[in-house]
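Reading through the structure tokens given below for one structure.
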Amino acid sequence: MKYQLIVFDWDGTLLDSAAAIVQAIQAACRDLELPVPDDNQARHVIGLGLADAMRHVMPDLRPDQCQAMVDRYRHHYLSGDHKLTLFAGVRDMLVRLQAAGHALAVATGKSRLGLERALDHSGLRPYFLASRCADECHSKPHPQMLQELMAEFAVAAETVVMIGDTSHDLLMAKNAGVDALAVTYGAHPPEHLLECAPLAVLGSVPDLDRWLRDRG
């Protein structure tokens, strides 16, 4: 077993939520009568901590507007997050990885409250031994989330792989000195992921599961 610890991003990697996040960002902008980003602009900030994401998508926001954006985003996203579904094959993959002896963890741009809510809605809580969220650590691509998880499990960087759908995930892995796998069914387009030089760029959860079974 090459990877003792496998760390997953959440939105766009395990949960099919990218479109809902884009719509919530755009709705928040409309609520506050701010310029509405297009889909590509909104998708680019997925994976960042919420406040950082709002500042990136609207760089001229005043501090009071940033908090208002966060509040309106949460209103819109949380009104429908219980309807979101896992990507096909996620649960089977996690069951197999857990049975094979891998430790599984989450590193996400969600808040702790948001991740706890998502773990309950999805039923995936039993599979993850640890997690780190953006309101507990520096936002991606800072390596703190991965550094803390490696310390918690007492594992070396060469035994860890980070899996994500955005360049923020892949750059965090690079900054932490760990391997990275990219998936193309989430937020960022393949060309952006390839720029970060992951070990592989995979187009589906079954493809990811096969890669981990054969090489992980």
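Note on naming: chains are A, B, ... as they come in the structure tokens, residues start from 1 per chain, ligands start from 1 in the order shown.
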
Next item on the list: Write down as a PyMOL selection string the residues belonging to segment 10-96 of chain A that are assigned alpha helix (DSSP H) by DSSP computed on the backbone.
Entry: chain A and resi 18-31+39-44+50-57+63-78+90-96

Item checked: Selection near segment 106-115 of chain A, 7 Å with only C-alpha atoms, sequence-local residues under 6 positions removed, as a PyMOL selection string -> chain A and resi 7-10+47-50+130-135+139+145

Note to self: My list of candidates is A:Asp169, A:Asp52, A:Glu158, A:Asp64. Which is closest to Thr13 of chain A when distances are computed with only C-alpha atoms?
What the structure shows: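 The closest residue to Thr13 of chain A is A:Asp169.
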
Note to self: Between A:Met1, A:Met54, A:Cys137, A:Ala180, which residue has the minimum interatomic distance to Val70 of chain A, considering only C-alpha atoms?
What the structure shows: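 Checking each candidate against Val70 of chain A, we get A:Met54 as the closest.
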
Note to self: Rounded to one decimal, what separation in Å do you get between atom CA of Ser79 of chain A and atom CA of Met58 of chain A?
What the structure shows: 22.7 Å

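Among the candidates A:Leu94, A:Ala19, A:Cys196, A:Ala51, the one nearest to Met69 of chain A when counting only C-alpha atoms is A:Ala51.
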